[in-house]
file protein.tsv (TSV, C-alpha atoms and all ligand atoms)
chain	number	residue	atom	x	y	z
A	426	MET	CA	17.69	-8.92	24.38
A	427	LYS	CA	19.82	-6.28	22.74
A	428	SER	CA	22.36	-4.49	24.85
A	429	ILE	CA	21.95	-0.74	24.78
A	430	THR	CA	24.52	1.89	25.64
A	431	PHE	CA	22.45	4.38	27.59
A	432	ASP	CA	25.11	6.92	28.46
A	433	LEU	CA	25.57	8.15	24.88
A	434	PHE	CA	21.91	8.98	24.37
A	435	PRO	CA	19.00	10.74	26.03
A	436	PRO	CA	17.24	8.62	28.67
A	437	SER	CA	14.39	7.51	26.44
A	438	HIS	CA	16.76	6.10	23.87
A	439	GLY	CA	16.63	2.33	23.62
A	440	SER	CA	13.42	2.04	25.58
A	441	ARG	CA	10.51	-0.11	24.52
A	442	GLU	CA	7.12	1.50	25.03
A	443	VAL	CA	4.08	-0.70	25.08
A	444	ILE	CA	1.11	0.82	23.22
A	445	GLY	CA	-0.93	-2.36	22.86
A	446	PRO	CA	-0.73	-6.04	23.78
A	447	ARG	CA	1.41	-6.63	20.67
A	448	SER	CA	2.35	-3.04	19.78
A	449	PHE	CA	5.60	-1.35	20.71
A	450	ILE	CA	7.61	1.78	20.11
A	451	LEU	CA	11.33	0.98	20.00
A	452	ARG	CA	12.88	4.36	20.72
A	453	GLY	CA	16.00	5.03	18.64
A	454	PHE	CA	16.11	1.48	17.27
A	455	ALA	CA	16.92	2.64	13.71
A	456	GLU	CA	19.65	5.07	14.79
A	457	PRO	CA	22.54	2.67	13.95
A	458	TYR	CA	21.18	2.38	10.38
A	459	VAL	CA	20.74	6.07	9.63
A	460	ASP	CA	24.12	6.50	7.93
A	461	LYS	CA	23.10	3.90	5.36
A	462	LEU	CA	19.39	4.69	5.22
A	463	LEU	CA	19.66	8.27	4.07
A	464	PRO	CA	21.89	7.63	1.02
A	465	ALA	CA	19.74	4.62	0.10
A	466	ILE	CA	16.58	6.73	0.22
A	467	HIS	CA	18.34	9.32	-1.89
A	468	ALA	CA	19.33	6.67	-4.44
A	469	LEU	CA	15.73	5.41	-4.56
A	470	GLN	CA	14.60	8.92	-5.29
A	471	GLN	CA	16.82	8.92	-8.40
A	472	GLN	CA	15.29	5.65	-9.62
A	473	THR	CA	11.71	6.60	-8.91
A	474	ALA	CA	10.22	9.66	-7.23
A	475	PHE	CA	7.88	10.58	-4.42
A	476	ARG	CA	4.42	10.36	-5.93
A	477	TYR	CA	1.21	11.94	-4.84
A	478	LEU	CA	-1.38	9.23	-5.27
A	479	VAL	CA	-5.12	9.65	-5.49
A	480	THR	CA	-7.36	7.80	-3.05
A	481	PRO	CA	-10.41	5.83	-4.21
A	482	GLY	CA	-12.47	8.75	-2.89
A	483	GLY	CA	-10.70	11.11	-5.29
A	484	PHE	CA	-8.46	12.96	-2.83
A	485	THR	CA	-4.77	13.47	-3.56
A	486	MET	CA	-2.67	12.29	-0.62
A	487	SER	CA	-0.53	14.93	1.08
A	488	VAL	CA	2.16	12.33	1.77
A	489	GLY	CA	4.57	11.59	-1.10
A	490	LEU	CA	5.15	7.89	-1.64
A	491	MET	CA	7.86	5.63	-3.11
A	492	ASN	CA	8.02	1.84	-3.07
A	493	CYS	CA	10.78	-0.70	-3.04
A	494	GLY	CA	10.65	-4.49	-2.84
A	495	GLN	CA	8.88	-7.30	-4.63
A	496	LEU	CA	5.53	-5.57	-4.26
A	497	GLY	CA	4.55	-1.92	-4.24
A	498	TRP	CA	1.52	-0.20	-2.78
A	499	PHE	CA	-0.56	1.83	-5.18
A	500	SER	CA	-3.78	3.80	-5.04
A	501	ASP	CA	-6.03	5.37	-7.63
A	502	ARG	CA	-9.75	5.77	-8.26
A	503	ASP	CA	-10.03	1.97	-8.54
A	504	GLY	CA	-8.81	1.36	-4.99
A	505	TYR	CA	-5.76	0.46	-2.90
A	506	ARG	CA	-3.70	-2.53	-3.95
A	507	TYR	CA	-0.26	-4.07	-4.20
A	508	THR	CA	1.27	-4.63	-7.60
A	509	GLU	CA	4.42	-6.35	-8.86
A	510	LYS	CA	5.04	-3.61	-11.37
A	511	ASP	CA	4.87	0.13	-11.16
A	512	PRO	CA	1.58	0.94	-12.95
A	513	GLU	CA	3.05	4.23	-14.17
A	514	THR	CA	6.13	2.76	-15.87
A	515	GLY	CA	5.32	-0.94	-16.27
A	516	LEU	CA	8.66	-1.76	-14.65
A	517	ALA	CA	9.40	-3.77	-11.51
A	518	TRP	CA	9.67	-1.67	-8.37
A	519	PRO	CA	13.24	-0.89	-7.25
A	520	SER	CA	14.61	-3.74	-5.15
A	521	MET	CA	14.65	-3.50	-1.38
A	522	PRO	CA	18.19	-3.07	-0.05
A	523	ALA	CA	19.13	-6.10	2.09
A	524	PHE	CA	19.85	-3.93	5.12
A	525	PHE	CA	16.31	-2.46	4.98
A	526	ALA	CA	14.92	-5.97	5.39
A	527	GLN	CA	17.49	-6.68	8.09
A	528	LEU	CA	16.48	-3.60	10.09
A	529	ALA	CA	12.81	-4.56	9.79
A	530	ARG	CA	13.55	-8.13	10.80
A	531	GLU	CA	15.54	-7.10	13.87
A	532	ALA	CA	12.91	-4.59	14.97
A	533	ALA	CA	10.14	-7.17	14.55
A	534	ALA	CA	12.13	-9.71	16.57
A	535	GLU	CA	12.71	-7.13	19.32
A	536	ALA	CA	8.90	-6.78	19.49
A	537	GLY	CA	8.35	-10.56	19.64
A	538	PHE	CA	7.70	-11.28	15.95
A	539	ASP	CA	10.33	-13.71	14.77
A	540	ASN	CA	11.36	-14.37	11.20
A	541	PHE	CA	9.71	-11.29	9.62
A	542	LYS	CA	10.48	-11.22	5.89
A	543	PRO	CA	9.05	-8.06	4.35
A	544	ASP	CA	8.26	-8.11	0.62
A	545	ALA	CA	7.17	-4.46	0.46
A	546	CYS	CA	8.62	-1.22	1.77
A	547	LEU	CA	6.71	2.04	1.40
A	548	VAL	CA	8.81	5.14	1.77
A	549	ASN	CA	6.65	8.10	2.69
A	550	ARG	CA	7.68	11.72	2.75
A	551	TYR	CA	5.84	14.20	4.93
A	552	LEU	CA	6.36	17.93	4.43
A	553	PRO	CA	4.93	20.56	6.75
A	554	GLY	CA	1.15	20.11	6.66
A	555	SER	CA	1.27	16.52	5.34
A	556	ARG	CA	-0.98	14.20	7.29
A	557	LEU	CA	-2.32	10.69	7.18
A	558	SER	CA	-5.88	10.26	8.36
A	559	LEU	CA	-6.87	7.39	10.61
A	560	HIS	CA	-6.74	4.13	8.66
A	561	GLN	CA	-6.09	0.40	8.90
A	562	ASP	CA	-3.33	-1.31	6.90
A	563	LYS	CA	-5.43	-4.13	5.49
A	564	SER	CA	-4.55	-4.52	1.79
A	565	GLU	CA	-2.00	-7.21	2.70
A	566	ASP	CA	-2.94	-10.89	2.25
A	567	ASP	CA	-0.70	-11.88	5.15
A	568	LEU	CA	-2.20	-10.41	8.30
A	569	ASN	CA	-0.12	-12.68	10.53
A	570	SER	CA	3.00	-10.64	9.89
A	571	PRO	CA	3.50	-7.35	11.71
A	572	ILE	CA	3.88	-3.83	10.38
A	573	VAL	CA	7.26	-2.23	11.04
A	574	SER	CA	7.38	1.55	10.73
A	575	VAL	CA	10.62	3.57	10.86
A	576	SER	CA	10.61	7.33	11.45
A	577	LEU	CA	13.35	9.67	10.21
A	578	GLY	CA	13.72	13.44	10.21
A	579	ALA	CA	11.23	15.90	11.67
A	580	PRO	CA	9.08	14.74	14.60
A	581	ALA	CA	5.43	13.83	14.10
A	582	ILE	CA	2.47	13.01	16.29
A	583	PHE	CA	1.36	9.45	15.70
A	584	LEU	CA	-2.18	8.38	16.56
A	585	PHE	CA	-2.75	4.80	17.57
A	586	GLY	CA	-6.31	3.63	18.01
A	587	THR	CA	-8.29	0.45	18.39
A	588	LEU	CA	-9.84	-2.01	15.94
A	589	GLU	CA	-12.69	0.43	15.39
A	590	ARG	CA	-12.48	3.81	13.73
A	591	SER	CA	-14.43	5.44	16.53
A	592	GLY	CA	-12.23	3.95	19.27
A	593	LYS	CA	-10.03	5.93	21.63
A	594	THR	CA	-6.65	6.91	20.22
A	595	VAL	CA	-3.37	7.48	22.03
A	596	ARG	CA	-0.99	10.15	20.71
A	597	THR	CA	2.74	9.85	20.86
A	598	GLN	CA	5.54	11.82	19.28
A	599	LEU	CA	7.76	9.85	16.92
A	600	VAL	CA	11.26	11.21	16.37
A	601	HIS	CA	14.22	10.39	14.14
A	602	GLY	CA	15.24	6.77	14.69
A	603	ASP	CA	12.07	5.54	16.39
A	604	VAL	CA	10.51	2.30	15.17
A	605	VAL	CA	6.90	1.23	15.77
A	606	VAL	CA	5.93	-2.43	15.45
A	607	TRP	CA	2.39	-3.77	15.65
A	608	GLY	CA	0.97	-7.19	14.83
A	609	GLY	CA	-0.99	-10.18	16.07
A	610	GLU	CA	-4.28	-9.11	17.62
A	611	ASP	CA	-3.23	-5.46	17.08
A	612	ARG	CA	-2.46	-5.83	13.38
A	613	LEU	CA	-5.62	-4.06	12.20
A	614	ARG	CA	-5.59	-1.20	14.68
A	615	TYR	CA	-6.43	2.21	13.27
A	616	HIS	CA	-3.52	4.64	13.12
A	617	GLY	CA	-2.63	7.96	11.54
A	618	VAL	CA	-0.33	10.97	11.63
A	619	LEU	CA	-1.35	14.55	12.55
A	620	PRO	CA	-0.39	17.36	10.15
A	621	LEU	CA	3.38	17.77	10.29
A	622	ARG	CA	4.51	20.91	12.08
A	623	GLU	CA	7.17	23.20	10.62
A	624	ASP	CA	10.40	21.98	12.17
A	625	HIS	CA	14.04	21.55	11.34
A	626	HIS	CA	15.98	18.32	11.52
A	627	PRO	CA	19.76	18.57	11.08
A	628	LEU	CA	19.84	15.82	8.43
A	629	LEU	CA	16.46	16.11	6.73
A	630	GLY	CA	15.39	19.71	7.24
A	631	ALA	CA	11.61	20.11	7.35
A	632	GLN	CA	10.93	16.60	6.03
A	633	ARG	CA	9.79	13.52	7.82
A	634	ILE	CA	10.49	10.21	6.11
A	635	ASN	CA	8.64	7.10	7.19
A	636	LEU	CA	9.47	3.60	5.99
A	637	THR	CA	6.77	0.98	6.48
A	638	PHE	CA	7.60	-2.64	5.98
A	639	ARG	CA	4.98	-5.27	5.30
A	640	LYS	CA	4.78	-8.87	4.27
A	641	VAL	CA	2.02	-8.85	1.69
A	642	ARG	CA	2.06	-12.42	0.36
A	701	LIG	C1	3.72	6.86	9.91
A	701	LIG	N1	2.46	5.53	8.35
A	701	LIG	O1	3.98	7.62	8.98
A	701	LIG	C2	2.70	5.79	9.73
A	701	LIG	N2	0.28	3.56	6.32
A	701	LIG	O2	4.25	6.95	11.02
A	701	LIG	C3	1.42	4.76	7.98
A	701	LIG	O3	0.65	4.30	8.76
A	701	LIG	C4	1.20	4.47	6.60
A	701	LIG	O4	2.78	6.07	5.90
A	701	LIG	C5	-0.02	3.26	5.06
A	701	LIG	C6	0.60	3.89	4.02
A	701	LIG	C7	1.56	4.84	4.31
A	701	LIG	C8	1.86	5.16	5.61
A	702	FE	FE	-0.62	2.76	7.94

call {"tool": "encode", "arguments": {"input": "protein.tsv", "output": "structure tokens"}}
result
Amino acid sequence: MKSITFDLFPPSHGSREVIGPRSFILRGFAEPYVDKLLPAIHALQQQTAFRYLVTPGGFTMSVGLMNCGQLGWFSDRDGYRYTEKDPETGLAWPSMPAFFAQLAREAAAEAGFDNFKPDACLVNRYLPGSRLSLHQDKSEDDLNSPIVSVSLGAPAIFLFGTLERSGKTVRTQLVHGDVVVWGGEDRLRYHGVLPLREDHHPLLGAQRINLTFRKVR
């Protein structure tokens, strides 16, 4: 177990909320990494840019997306998939900073998933109004590894459902520094994000940045 200094933070900080048999919200878990995360995200933005991809159904996503790591997630009219090269430039995706993988590994371990080695990191930017409709993360070959999702900036309402689209969903607010981990029997649970409200975060303004780590292969 990690030792947590409670007196410096609000009471919820450092708590582990159980949202499924193998699904957890680790409140504030990413806080110690924020000083390094924000400049690294900024640097990534110089190398690539937040892109607005088109779904197979022909809708442009309201969430802007960047990739880093061995594999990158991509969507167009032909479907969702992971690629080794950026289809728009033909170049390899920017590499994943070692401390990104370290954060993901530590969060996964805290949730009971040892030895998580992500090969893909999606960096998503939400602006006011951006949303992510209920979906499953199922383009990965490796469904034994968990998903690790890090929230930064403006708060958002996260929906976490069941293995069926029509199942009951729980709603929880995710704030700067929170990490959600789900895997095992929960790996294919539906999840989504409600339209982002206008808000102001001292470091990121109106934006919410979400990093999702996966092991694809
Ligand atoms: C979140 N994000 O933003 C959860 N999934 O809290 C996701 O579930 C997600 O941002 C697939 C692709 C991009 C995402
Ligand atoms: Fe997802």

call {"tool": "closest_atom_pairs", "arguments": {"input": "protein.tsv", "of": "stretch 428-528 of chain A", "to": "stretch 604-620 of chain A", "cutoff": "12 Å", "atoms": "all atoms listed in the file", "output": "tab-separated table"}}
result
residue	atom	partner	partner_atom	distance
A:His438	CA	A:Val604	CA	11.4
A:Gly439	CA	A:Val604	CA	10.4
A:Ser440	CA	A:Val604	CA	10.8
A:Arg441	CA	A:Val605	CA	9.6
A:Glu442	CA	A:Val605	CA	9.3
A:Val443	CA	A:Val605	CA	9.9
A:Ile444	CA	A:Trp607	CA	8.9
A:Gly445	CA	A:Asp611	CA	7.0
A:Pro446	CA	A:Asp611	CA	7.2
A:Arg447	CA	A:Trp607	CA	5.9
A:Ser448	CA	A:Trp607	CA	4.2
A:Phe449	CA	A:Val606	CA	5.4
A:Ile450	CA	A:Val605	CA	4.4
A:Leu451	CA	A:Val604	CA	5.1
A:Arg452	CA	A:Val604	CA	6.4
A:Gly453	CA	A:Val604	CA	7.0
A:Phe454	CA	A:Val604	CA	6.0
A:Ala455	CA	A:Val604	CA	6.6
A:Glu456	CA	A:Val604	CA	9.6
A:Tyr458	CA	A:Val604	CA	11.7
A:Ser487	CA	A:Pro620	CA	9.4
A:Val488	CA	A:Pro620	CA	10.1
A:Leu528	CA	A:Val604	CA	9.8

call {"tool": "closest_residue", "arguments": {"input": "protein.tsv", "among": "A:Leu478, A:Leu462, A:Ala517, A:Leu568", "to": "ligand LIG 701 (chain A)", "atoms": "only C-alpha atoms and all ligand atoms"}}
result
A:Leu478

call {"tool": "residues_around", "arguments": {"input": "protein.tsv", "residues": "A:Ser574", "least_positions_apart": "4", "cutoff": "10 Å", "atoms": "all atoms listed in the file", "output": "PyMOL selection string"}}
result
chain A and resi 450+529+532-533+546-548+603-607+635-639

call {"tool": "closest_residue", "arguments": {"input": "protein.tsv", "among": "A:Leu516, A:Ala579, A:Pro627, A:Ile634", "to": "A:His467", "atoms": "all atoms listed in the file"}}
result
A:Ile634

call {"tool": "closest_residue", "arguments": {"input": "protein.tsv", "among": "A:Pro519, A:Pro457, A:Pro571, A:Gly602", "to": "ligand FE 702 (chain A)", "atoms": "all atoms listed in the file"}}
result
A:Pro571

call {"tool": "atom_distance", "arguments": {"input": "protein.tsv", "atom1": "atom CA of A:Pro481", "atom2": "atom C2 of ligand LIG 701 (chain A)"}}
result
19.1 Å

call {"tool": "closest_residue", "arguments": {"input": "protein.tsv", "among": "A:Thr473, A:Thr597, A:Ser570, A:Ser564", "to": "ligand FE 702 (chain A)", "atoms": "all atoms listed in the file"}}
result
A:Ser564

call {"tool": "axis_aligned_box", "arguments": {"input": "protein.tsv", "around": "stretch 503-520 of chain A", "padding_each_side": "4 Å", "output": "JSON"}}
result
{"center_x": 2.3, "center_y": -1.1, "center_z": -9.6, "size_x": 32.6, "size_y": 18.6, "size_z": 21.4}

call {"tool": "atom_distance", "arguments": {"input": "protein.tsv", "atom1": "atom CA of A:Trp518", "atom2": "atom CA of A:Leu490"}}
result
12.5 Å

call {"tool": "atom_distance", "arguments": {"input": "protein.tsv", "atom1": "atom CA of A:Arg530", "atom2": "atom CA of A:Ser500"}}
result
26.3 Å

call {"tool": "closest_residue", "arguments": {"input": "protein.tsv", "among": "A:Ile572, A:Ala631, A:Ala534, A:Ala474", "to": "ligand FE 702 (chain A)", "atoms": "only C-alpha atoms and all ligand atoms"}}
result
A:Ile572

call {"tool": "residues_around", "arguments": {"input": "protein.tsv", "residues": "A:Pro522", "least_positions_apart": "2", "cutoff": "10 Å", "atoms": "only C-alpha atoms", "output": "list in words"}}
result
Leu462, Ala465, Ile466, Leu469, Cys493, Gly494, Pro519, Ser520, Phe524, Phe525, Ala526, Gln527 and Cys546 of chain A

call {"tool": "closest_residue", "arguments": {"input": "protein.tsv", "among": "A:Leu629, A:Leu559, A:Val641, A:Leu496", "to": "ligand LIG 701 (chain A)", "atoms": "all atoms listed in the file"}}
result
A:Leu559

call {"tool": "residues_around", "arguments": {"input": "protein.tsv", "residues": "A:Thr480", "least_positions_apart": "4", "cutoff": "10 Å", "atoms": "only C-alpha atoms", "output": "list in words"}}
result
Phe484, Thr485, Met486, Phe499, Ser500, Asp501, Arg502, Asp503, Gly504 and Tyr505 of chain A

call {"tool": "build_atoms", "arguments": {"input": "protein.tsv", "residues": "stretch 531-550 of chain A", "atoms": "N, CA, C and O atoms", "output": "short mmCIF file (atom, residue, chain, number, x, y, z; two decimals), keeping the file's coordinate frame"}}
result
data_model
loop_
_atom_site.label_atom_id
_atom_site.label_comp_id
_atom_site.auth_asym_id
_atom_site.auth_seq_id
_atom_site.Cartn_x
_atom_site.Cartn_y
_atom_site.Cartn_z
N GLU A 531 15.04 -7.24 12.50
CA GLU A 531 15.54 -7.10 13.87
C GLU A 531 14.54 -6.36 14.75
O GLU A 531 14.37 -6.71 15.92
N ALA A 532 13.91 -5.34 14.19
CA ALA A 532 12.91 -4.59 14.97
C ALA A 532 11.72 -5.49 15.31
O ALA A 532 11.23 -5.50 16.45
N ALA A 533 11.27 -6.26 14.31
CA ALA A 533 10.14 -7.17 14.55
C ALA A 533 10.50 -8.17 15.65
O ALA A 533 9.71 -8.41 16.57
N ALA A 534 11.70 -8.72 15.58
CA ALA A 534 12.13 -9.71 16.57
C ALA A 534 12.17 -9.09 17.97
O ALA A 534 11.75 -9.71 18.96
N GLU A 535 12.64 -7.85 18.04
CA GLU A 535 12.71 -7.13 19.32
C GLU A 535 11.30 -6.97 19.92
O GLU A 535 11.13 -6.89 21.13
N ALA A 536 10.29 -6.94 19.04
CA ALA A 536 8.90 -6.78 19.49
C ALA A 536 8.20 -8.14 19.61
O ALA A 536 6.98 -8.19 19.81
N GLY A 537 8.95 -9.23 19.43
CA GLY A 537 8.35 -10.56 19.64
C GLY A 537 7.82 -11.23 18.39
O GLY A 537 7.13 -12.24 18.48
N PHE A 538 8.14 -10.67 17.21
CA PHE A 538 7.70 -11.28 15.95
C PHE A 538 8.93 -11.82 15.23
O PHE A 538 9.67 -11.07 14.59
N ASP A 539 9.14 -13.12 15.35
CA ASP A 539 10.33 -13.71 14.77
C ASP A 539 10.17 -13.95 13.29
O ASP A 539 9.06 -14.13 12.79
N ASN A 540 11.31 -13.93 12.59
CA ASN A 540 11.36 -14.37 11.20
C ASN A 540 10.53 -13.50 10.24
O ASN A 540 9.96 -14.01 9.27
N PHE A 541 10.46 -12.21 10.51
CA PHE A 541 9.71 -11.29 9.62
C PHE A 541 10.49 -11.09 8.33
O PHE A 541 11.66 -10.72 8.35
N LYS A 542 9.84 -11.36 7.21
CA LYS A 542 10.48 -11.22 5.89
C LYS A 542 9.65 -10.29 5.03
O LYS A 542 8.78 -10.74 4.28
N PRO A 543 9.89 -8.99 5.11
CA PRO A 543 9.05 -8.06 4.35
C PRO A 543 9.25 -8.23 2.84
O PRO A 543 10.36 -8.45 2.38
N ASP A 544 8.16 -8.12 2.08
CA ASP A 544 8.26 -8.11 0.62
C ASP A 544 7.86 -6.74 0.04
O ASP A 544 7.83 -6.57 -1.17
N ALA A 545 7.52 -5.81 0.91
CA ALA A 545 7.17 -4.46 0.46
C ALA A 545 7.67 -3.43 1.46
O ALA A 545 7.59 -3.64 2.67
N CYS A 546 8.21 -2.36 0.93
CA CYS A 546 8.62 -1.22 1.77
C CYS A 546 8.08 0.05 1.13
O CYS A 546 8.42 0.38 0.00
N LEU A 547 7.22 0.74 1.86
CA LEU A 547 6.71 2.04 1.40
C LEU A 547 7.58 3.10 2.05
O LEU A 547 7.79 3.06 3.26
N VAL A 548 8.04 4.02 1.25
CA VAL A 548 8.81 5.14 1.77
C VAL A 548 7.94 6.38 1.60
O VAL A 548 7.57 6.74 0.48
N ASN A 549 7.56 6.97 2.72
CA ASN A 549 6.65 8.10 2.69
C ASN A 549 7.36 9.37 3.10
O ASN A 549 8.10 9.37 4.07
N ARG A 550 7.10 10.43 2.38
CA ARG A 550 7.68 11.72 2.75
C ARG A 550 6.58 12.68 3.18
O ARG A 550 5.65 12.95 2.42
#
